[in-house]
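Source file: structure_38.cif (mmCIF, C-alpha atoms)
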data_work
loop_
_atom_site.group_PDB
_atom_site.id
_atom_site.type_symbol
_atom_site.label_atom_id
_atom_site.label_comp_id
_atom_site.auth_asym_id
_atom_site.auth_seq_id
_atom_site.Cartn_x
_atom_site.Cartn_y
_atom_site.Cartn_z
ATOM 1 C CA MET A 1 3.812 -12.221 -16.947
ATOM 2 C CA THR A 2 2.921 -12.741 -13.306
ATOM 3 C CA ARG A 3 1.584 -9.674 -11.510
ATOM 4 C CA ARG A 4 2.190 -8.968 -7.819
ATOM 5 C CA VAL A 5 -0.469 -7.631 -5.486
ATOM 6 C CA VAL A 6 0.500 -6.770 -1.913
ATOM 7 C CA VAL A 7 -2.206 -6.813 0.779
ATOM 8 C CA VAL A 8 -1.426 -4.659 3.829
ATOM 9 C CA THR A 9 -3.656 -5.468 6.787
ATOM 10 C CA ALA A 10 -3.609 -3.732 10.162
ATOM 11 C CA GLY A 11 -5.737 -6.102 12.221
ATOM 12 C CA LEU A 12 -4.598 -6.464 15.827
ATOM 13 C CA THR A 13 -6.022 -9.830 16.828
ATOM 14 C CA VAL A 14 -5.929 -13.410 15.572
ATOM 15 C CA PRO A 15 -8.359 -13.991 14.030
ATOM 16 C CA SER A 16 -9.538 -10.509 13.054
ATOM 17 C CA SER A 17 -12.347 -9.152 10.908
ATOM 18 C CA THR A 18 -9.756 -6.967 9.170
ATOM 19 C CA ARG A 19 -7.778 -10.001 8.013
ATOM 20 C CA LEU A 20 -11.013 -11.760 7.052
ATOM 21 C CA LEU A 21 -11.965 -8.861 4.798
ATOM 22 C CA ALA A 22 -8.417 -8.727 3.387
ATOM 23 C CA ASP A 23 -8.592 -12.438 2.519
ATOM 24 C CA GLN A 24 -11.913 -12.004 0.718
ATOM 25 C CA ILE A 25 -10.618 -9.046 -1.298
ATOM 26 C CA ALA A 26 -7.390 -10.886 -2.160
ATOM 27 C CA GLU A 27 -9.334 -13.917 -3.377
ATOM 28 C CA ALA A 28 -11.665 -11.772 -5.486
ATOM 29 C CA THR A 29 -8.752 -9.814 -6.979
ATOM 30 C CA SER A 30 -6.922 -13.018 -7.871
ATOM 31 C CA ALA A 31 -10.076 -14.317 -9.565
ATOM 32 C CA GLN A 32 -10.518 -11.086 -11.535
ATOM 33 C CA VAL A 33 -6.902 -11.066 -12.757
ATOM 34 C CA THR A 34 -6.893 -14.728 -13.785
ATOM 35 C CA ALA A 35 -10.259 -14.268 -15.533
ATOM 36 C CA ARG A 36 -8.436 -11.800 -17.800
ATOM 37 C CA GLY A 37 -5.861 -14.427 -18.757
ATOM 38 C CA GLU A 38 -3.044 -13.260 -16.465
ATOM 39 C CA SER A 39 -1.436 -14.813 -13.397
ATOM 40 C CA VAL A 40 -1.016 -13.077 -10.049
ATOM 41 C CA ASP A 41 0.891 -13.604 -6.815
ATOM 42 C CA VAL A 42 -0.757 -12.200 -3.686
ATOM 43 C CA GLU A 43 1.524 -11.324 -0.764
ATOM 44 C CA PHE A 44 0.295 -10.356 2.707
ATOM 45 C CA VAL A 45 1.874 -7.855 5.077
ATOM 46 C CA GLU A 46 0.589 -8.235 8.656
ATOM 47 C CA LEU A 47 1.440 -4.959 10.362
ATOM 48 C CA ARG A 48 0.751 -6.449 13.792
ATOM 49 C CA GLU A 49 3.916 -8.515 13.350
ATOM 50 C CA VAL A 50 6.137 -5.450 12.878
ATOM 51 C CA ALA A 51 4.464 -3.053 15.323
ATOM 52 C CA GLY A 52 7.529 -2.851 17.545
ATOM 53 C CA GLU A 53 9.828 -2.257 14.577
ATOM 54 C CA LEU A 54 7.587 0.538 13.301
ATOM 55 C CA ALA A 55 7.686 2.216 16.718
ATOM 56 C CA THR A 56 11.479 1.936 16.745
ATOM 57 C CA PHE A 57 11.620 3.434 13.255
ATOM 58 C CA MET A 58 9.619 6.437 14.443
ATOM 59 C CA VAL A 59 11.748 7.203 17.515
ATOM 60 C CA THR A 60 15.165 6.648 15.893
ATOM 61 C CA GLY A 61 14.896 9.257 13.175
ATOM 62 C CA GLY A 62 13.675 6.856 10.504
ATOM 63 C CA ILE A 63 16.289 4.096 10.714
ATOM 64 C CA PRO A 64 14.583 0.943 9.356
ATOM 65 C CA THR A 65 15.213 -2.586 10.554
ATOM 66 C CA PRO A 66 16.110 -5.206 7.905
ATOM 67 C CA ARG A 67 12.515 -6.464 8.008
ATOM 68 C CA LEU A 68 11.095 -2.965 7.424
ATOM 69 C CA THR A 69 13.532 -2.421 4.561
ATOM 70 C CA GLU A 70 12.262 -5.636 2.999
ATOM 71 C CA LEU A 71 8.626 -4.559 3.394
ATOM 72 C CA ARG A 72 9.292 -1.110 1.931
ATOM 73 C CA GLU A 73 10.864 -2.690 -1.142
ATOM 74 C CA GLN A 74 8.025 -5.209 -1.383
ATOM 75 C CA VAL A 75 5.384 -2.464 -1.445
ATOM 76 C CA ALA A 76 7.308 -0.174 -3.810
ATOM 77 C CA SER A 77 7.717 -2.964 -6.392
ATOM 78 C CA ALA A 78 4.114 -4.193 -6.291
ATOM 79 C CA ASP A 79 1.798 -3.949 -9.304
ATOM 80 C CA GLY A 80 -1.146 -3.246 -7.015
ATOM 81 C CA LEU A 81 -1.934 -2.704 -3.350
ATOM 82 C CA VAL A 82 -4.840 -3.592 -1.075
ATOM 83 C CA ALA A 83 -4.861 -1.581 2.170
ATOM 84 C CA VAL A 84 -7.188 -2.698 4.971
ATOM 85 C CA THR A 85 -7.491 -1.111 8.422
ATOM 86 C CA PRO A 86 -9.761 -1.317 11.432
ATOM 87 C CA VAL A 87 -11.428 1.971 12.370
ATOM 88 C CA PHE A 88 -10.337 3.631 15.617
ATOM 89 C CA ASN A 89 -11.951 6.934 16.640
ATOM 90 C CA ALA A 90 -13.392 7.587 13.178
ATOM 91 C CA SER A 91 -10.099 7.089 11.330
ATOM 92 C CA PHE A 92 -7.511 4.480 10.376
ATOM 93 C CA SER A 93 -5.497 2.882 13.160
ATOM 94 C CA GLY A 94 -2.222 4.340 14.390
ATOM 95 C CA LEU A 95 -0.423 1.152 13.330
ATOM 96 C CA PHE A 96 -1.753 1.526 9.789
ATOM 97 C CA LYS A 97 -0.652 5.165 9.621
ATOM 98 C CA MET A 98 2.810 4.404 11.036
ATOM 99 C CA PHE A 99 3.490 1.944 8.233
ATOM 100 C CA PHE A 100 2.586 4.365 5.464
ATOM 101 C CA ASP A 101 4.548 7.110 7.227
ATOM 102 C CA ALA A 102 7.548 4.761 7.065
ATOM 103 C CA LEU A 103 7.348 4.430 3.273
ATOM 104 C CA ASP A 104 9.287 6.625 0.883
ATOM 105 C CA PRO A 105 6.990 9.405 -0.451
ATOM 106 C CA ASP A 106 7.513 8.092 -3.996
ATOM 107 C CA SER A 107 6.941 4.409 -3.230
ATOM 108 C CA LEU A 108 3.282 4.353 -4.319
ATOM 109 C CA THR A 109 3.390 6.807 -7.226
ATOM 110 C CA GLY A 110 1.009 5.513 -9.899
ATOM 111 C CA THR A 111 0.233 2.308 -7.988
ATOM 112 C CA PRO A 112 -3.386 1.082 -8.172
ATOM 113 C CA VAL A 113 -4.740 0.873 -4.609
ATOM 114 C CA LEU A 114 -7.934 -0.637 -3.222
ATOM 115 C CA ILE A 115 -8.882 0.795 0.180
ATOM 116 C CA ALA A 116 -10.943 -1.108 2.731
ATOM 117 C CA ALA A 117 -11.887 -0.814 6.394
ATOM 118 C CA THR A 118 -13.732 -2.684 9.125
ATOM 119 C CA ALA A 119 -15.661 -1.424 12.154
ATOM 120 C CA GLY A 120 -18.328 -2.466 14.596
ATOM 121 C CA SER A 121 -20.840 0.006 13.199
ATOM 122 C CA ALA A 122 -21.826 1.309 9.760
ATOM 123 C CA ARG A 123 -21.546 4.841 11.193
ATOM 124 C CA HIS A 124 -17.792 4.672 10.503
ATOM 125 C CA SER A 125 -18.120 4.067 6.759
ATOM 126 C CA LEU A 126 -17.027 7.605 5.861
ATOM 127 C CA VAL A 127 -13.484 6.676 6.917
ATOM 128 C CA LEU A 128 -12.869 5.523 3.346
ATOM 129 C CA ASP A 129 -13.440 8.940 1.790
ATOM 130 C CA HIS A 130 -12.528 11.220 4.688
ATOM 131 C CA ALA A 131 -9.302 9.544 5.833
ATOM 132 C CA MET A 132 -7.992 6.782 3.597
ATOM 133 C CA ARG A 133 -8.583 8.267 0.149
ATOM 134 C CA PRO A 134 -6.829 11.587 1.004
ATOM 135 C CA LEU A 135 -3.841 9.669 2.445
ATOM 136 C CA PHE A 136 -3.247 7.707 -0.751
ATOM 137 C CA ALA A 137 -3.973 10.713 -2.948
ATOM 138 C CA TYR A 138 -1.159 12.497 -1.103
ATOM 139 C CA LEU A 139 1.121 9.539 -1.877
ATOM 140 C CA ARG A 140 0.131 9.880 -5.563
ATOM 141 C CA ALA A 141 -1.379 6.406 -5.728
ATOM 142 C CA VAL A 142 -4.285 5.644 -8.060
ATOM 143 C CA VAL A 143 -7.157 4.731 -5.739
ATOM 144 C CA VAL A 144 -9.878 2.663 -7.410
ATOM 145 C CA PRO A 145 -13.379 4.221 -7.317
ATOM 146 C CA THR A 146 -14.971 1.543 -5.135
ATOM 147 C CA GLY A 147 -13.825 1.269 -1.542
ATOM 148 C CA VAL A 148 -14.947 -1.605 0.682
ATOM 149 C CA PHE A 149 -16.289 -0.968 4.168
ATOM 150 C CA ALA A 150 -17.516 -3.828 6.327
ATOM 151 C CA ALA A 151 -19.364 -3.434 9.604
ATOM 152 C CA THR A 152 -19.802 -6.500 11.775
ATOM 153 C CA GLU A 153 -23.267 -7.234 10.397
ATOM 154 C CA ASP A 154 -22.058 -7.005 6.769
ATOM 155 C CA PHE A 155 -20.036 -10.208 6.796
ATOM 156 C CA GLY A 156 -21.847 -12.912 4.881
ATOM 157 C CA SER A 157 -24.186 -10.455 3.140
ATOM 158 C CA HIS A 158 -24.678 -10.210 -0.613
ATOM 159 C CA GLY A 159 -24.094 -6.467 -0.465
ATOM 160 C CA LEU A 160 -20.558 -6.866 0.857
ATOM 161 C CA ALA A 161 -19.768 -9.610 -1.664
ATOM 162 C CA ASP A 162 -20.979 -7.384 -4.510
ATOM 163 C CA ARG A 163 -18.828 -4.452 -3.341
ATOM 164 C CA ILE A 164 -15.781 -6.685 -3.055
ATOM 165 C CA THR A 165 -16.291 -8.062 -6.559
ATOM 166 C CA ARG A 166 -16.726 -4.594 -8.051
ATOM 167 C CA ALA A 167 -13.677 -3.179 -6.264
ATOM 168 C CA ALA A 168 -11.565 -6.217 -7.168
ATOM 169 C CA ALA A 169 -12.503 -5.835 -10.839
ATOM 170 C CA GLU A 170 -11.395 -2.206 -10.757
ATOM 171 C CA LEU A 171 -8.111 -3.107 -9.081
ATOM 172 C CA ALA A 172 -7.462 -5.927 -11.552
ATOM 173 C CA ALA A 173 -7.991 -3.530 -14.464
ATOM 174 C CA GLY A 174 -5.515 -1.097 -12.916
ATOM 175 C CA VAL A 175 -2.942 -3.794 -12.206
ATOM 176 C CA LEU A 176 -3.080 -5.131 -15.758
ATOM 177 C CA SER A 177 -2.703 -1.646 -17.232
ATOM 178 C CA GLN A 178 0.621 -1.084 -15.441
ATOM 179 C CA GLY A 179 3.415 -0.345 -17.902
ATOM 180 C CA GLY A 180 1.039 0.528 -20.743
ATOM 181 C CA TYR A 181 2.594 3.889 -21.555
ATOM 182 C CA ALA A 182 3.124 3.266 -25.269
ATOM 183 C CA VAL A 183 0.753 4.536 -27.964
ATOM 184 C CA GLY A 184 0.319 2.269 -30.980
ATOM 185 C CA GLY A 185 3.284 2.701 -33.347
ATOM 186 C CA PHE A 186 5.298 4.821 -30.916
ATOM 187 C CA ALA A 187 7.885 4.137 -28.252
ATOM 188 C CA PRO A 188 6.829 4.398 -24.602
ATOM 189 C CA ASP A 189 6.789 7.882 -23.136
ATOM 190 C CA LEU A 190 9.334 7.425 -20.384
ATOM 191 C CA ALA A 191 8.592 10.885 -19.005
ATOM 192 C CA ALA A 192 5.035 9.741 -18.281
ATOM 193 C CA ARG A 193 6.113 6.634 -16.401
ATOM 194 C CA PRO A 194 5.499 7.021 -12.641
ATOM 195 C CA ARG A 195 8.763 7.209 -10.730
ATOM 196 C CA ARG A 196 8.706 4.823 -7.799
ATOM 197 C CA THR A 197 11.370 4.221 -5.190
ATOM 198 C CA SER A 198 11.459 2.297 -1.927
ATOM 199 C CA GLY A 199 13.883 4.816 -0.433
ATOM 200 C CA THR A 200 16.183 2.001 0.695
ATOM 201 C CA GLN A 201 18.873 2.476 -1.950
ATOM 202 C CA VAL A 202 21.592 5.139 -2.039
ATOM 203 C CA GLU A 203 21.578 7.260 -5.196
ATOM 204 C CA ALA A 204 24.517 6.498 -7.503
ATOM 205 C CA ASP A 205 25.587 10.143 -7.817
ATOM 206 C CA VAL A 206 26.095 10.786 -4.088
ATOM 207 C CA THR A 207 29.211 12.916 -3.497
ATOM 208 C CA PRO A 208 31.781 11.039 -1.357
ATOM 209 C CA PHE A 209 32.117 12.526 2.113
ATOM 210 C CA GLY A 210 35.867 12.901 1.615
ATOM 211 C CA ASP A 211 35.268 15.162 -1.391
ATOM 212 C CA LEU A 212 32.904 17.298 0.630
ATOM 213 C CA LEU A 213 35.584 17.846 3.276
ATOM 214 C CA ARG A 214 38.469 18.388 0.869
ATOM 215 C CA GLY A 215 40.172 21.745 1.530
ATOM 216 C CA HIS A 216 38.648 22.172 4.969
ATOM 217 C CA SER A 217 41.007 22.320 7.938
ATOM 218 C CA GLY A 218 38.314 21.589 10.462
ATOM 219 C CA SER A 219 38.421 25.025 12.023
ATOM 220 C CA ASP A 220 36.142 27.992 11.493
#
Write the structure described by the file as structure tokens, please.
Amino acid sequence: MTRRVVVVTAGLTVPSSTRLLADQIAEATSAQVTARGESVDVEFVELREVAGELATFMVTGGIPTPRLTELREQVASADGLVAVTPVFNASFSGLFKMFFDALDPDSLTGTPVLIAATAGSARHSLVLDHAMRPLFAYLRAVVVPTGVFAATEDFGSHGLADRITRAAAELAAGVLSQGGYAVGGFAPDLAARPRRTSGTQVEADVTPFGDLLRGHSGSD
């Protein structure tokens, strides 16, 4: 079975340190999954490419473009997520936050998530625990214990490589445990299975509008 890991990166330039860190984490995660005898597809979401569409989504009452609908479904169906943002004013970027505001509240329920951030100074490292971890906890994701923060001087260091490897191993373990709700000798507990939805599909039991208006004359 091939697992799917989606990497969401909010870098604003080409090239960017945020994308560089995302690439390193993706490579390490792929290595950790394949080392456990499983295959994995890694898909990247560059938020810079849909910045205008996210802004439109916000000012039109939440009407997604076809591309945003595709991305919402892509994230909701992933076996694992890597989320990487640059740090602006001691928190994640506005572009990063807009994307996760555009997701359905149930889209990440039970999803293993690795959080990571880049900044020019190590003084911003608390963004992982003070901003990113609470965001994904609210979305009911399962955030792996090790977050990855990289200041400019960290790139190329053994310390950063070690943190990436440790975090990737934790994410790989979470990804490979997806769907393991059965206890030996028993059927899976469907009530325990996280309910995920992209929010792009209409529920099957929606009452037709004509039925709602039946018997009404249109006057008070």
Contacts of region 134-137 of chain A at 12 Å (only C-alpha atoms; same-chain gap of 4+ positions) as a PyMOL selection string: chain A and resi 81-83+91-92+96-97+100-101+103+105-115+126-130+141-144
Neighbouring residues of region 166-170 of chain A were defined as those with any atom within 10 Å, considering only C-alpha atoms; residues of the same chain fewer than 5 positions away were excluded. Please report them as number ranges by chain. A: 24-33, 35, 82, 112-116, 143-148, 160-161, 175
Extract, using only C-alpha atoms, all DNA, RNA and protein residues at most 8 Å from region 38-42 of chain A, discarding same-chain residues fewer than 6 positions from it, and format them as a list in words.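 Listing them by chain and then by number gives Met1, Thr2, Arg3, Arg4, Val5, Val6, Val7, Ala26 and Ser30 of chain A.
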Pick the closest to Ala151 (chain A) from A:Met58, A:Thr9, A:Met132, A:Pro86: which is it, counting all atoms listed in the file?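 Of A:Met58, A:Thr9, A:Met132, A:Pro86, the one nearest Ala151 (chain A), counting all atoms listed in the file, is A:Pro86.
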For Glu53 (chain A), work out the shell of residues within 12 Å, counting all atoms listed in the file and skipping chain neighbours fewer than 4 positions away, then give it as number ranges by chain. A: 47-49, 57-60, 62-69, 71, 95, 98-99, 102
Could you work out how far CA of Ala172 (chain A) lies from CA of Tyr138 (chain A), giving the answer in Å with one decimal?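 Distance between the two atoms: 22.1 Å.
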Please provide the set of residues having any atom within 8 Å of Ala150 (chain A), restricted to only C-alpha atoms, with same-chain residues fewer than 2 positions apart removed, written as a PyMOL selection string. chain A and resi 21+116-119+122+125+148+152-155+160
As an exercise, work out the distance from CA of Val87 (chain A) to CA of Gly120 (chain A) in Å and give it to one decimal place. 8.5 Å
What is the CA of Arg133 (chain A) to CA of Gly52 (chain A) distance in Å?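 CA of Gly52 (chain A) lies at a distance of 26.2 Å from CA of Arg133 (chain A).
Proximity ranking of A:Thr165, A:Ser16, A:Ser93, A:Ser77 relative to Ala51 (chain A) places A:Ser93 first, based on only C-alpha atoms.
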Enclose the full set of atoms of region 134-145 of chain A listed in the file within a box whose edges lie along x, y and z, apply 3 Å of padding to each of the six sides, and report centre and edge lengths in Å to one decimal as lines of an AutoDock Vina configuration file.
center_x = -6.1
center_y = 7.6
center_z = -2.8
size_x = 20.5
size_y = 15.8
size_z = 16.5
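Among the candidates A:Ser177, A:Leu171, A:Val50, A:Ile164, the one nearest to Gly11 (chain A) when counting only C-alpha atoms is A:Val50.
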Using all atoms listed in the file, which residue out of A:Ala173, A:Arg72, A:Phe149, A:Gly94 lies closest to Thr34 (chain A)?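 Using all atoms listed in the file, Thr34 (chain A) sits closest to A:Ala173.
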Restricting the calculation to all atoms listed in the file: of A:Asp211, A:His124, A:His158, A:Ala10, which residue gets closest to Ala22 (chain A)?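 Nearest candidate to Ala22 (chain A) out of A:Asp211, A:His124, A:His158, A:Ala10: A:Ala10.
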